[in-house]
Amino acid sequence: MVTELPTDRQTVEVNFDGNVWQPAIFRNGQFVDIYGLPLNPEKISSWRALERDVPAPAPRHRGWVLP
């Protein structure tokens, strides 16, 4: 379990099981993935700050575009 936390809206990578890193954002007191889904803090063994932003996922549809 992680005790020291990043700043709000900081881009990070979280570590699961000591060998799997996943991009995330620390938002409103919790780690969320790039889709905004919360990550289980009990399964996160560590985190590290990233100097770059986590890219947003591609849109799922190609509907109309706002002017």
# chains A, B, ... in the order shown; residues from 1 in each chain; ligands from 1
$ residues_around --residues "A:Trp21" --least-positions-apart "4" --cutoff "10 Å" --atoms "only C-alpha atoms" --output "list in words"
Val12, Glu13, Val14, Asn15, Phe16, Asp17, Ile44, Ser46, Trp47 and Arg48 of chain A
$ write_last_selection --atoms "C-alpha atoms" --output "JSON list (two decimals), in the first residue's frame"
[["chain", "number", "residue", "atom", "x", "y", "z"],
["A", 12, "VAL", "CA", 2.14, 9.12, -12.65],
["A", 13, "GLU", "CA", 2.73, 5.44, -13.26],
["A", 14, "VAL", "CA", 1.53, 2.96, -10.68],
["A", 15, "ASN", "CA", 3.14, -0.40, -10.00],
["A", 16, "PHE", "CA", 1.18, -3.61, -9.51],
["A", 17, "ASP", "CA", 2.87, -6.82, -8.34],
["A", 44, "ILE", "CA", -0.67, -0.51, -5.84],
["A", 46, "SER", "CA", 4.41, 2.03, -5.59],
["A", 47, "TRP", "CA", 4.13, 4.96, -7.96],
["A", 48, "ARG", "CA", 6.49, 7.22, -9.85]]
$ atom_distance --atom1 "atom CA of A:Arg27" --atom2 "atom CA of A:Arg9"
4.9 Å
$ select_by_dssp --residues "stretch 3-56 of chain A" --states "strand (DSSP E)" --output "list in words"
Gln10, Thr11, Val12, Glu13, Val14, Asn15, Phe16, Val20, Trp21, Gln22, Pro23, Ala24, Ile25, Phe26, Arg27, Gln30, Phe31, Val32, Ile44, Ser45, Ser46, Trp47, Arg48 and Ala49 of chain A
$ atom_distance --atom1 "atom CA of A:Gly36" --atom2 "atom CA of A:Val20"
19.1 Å
$ atom_distance --atom1 "atom CA of A:Asn40" --atom2 "atom CA of A:Thr7"
17.9 Å
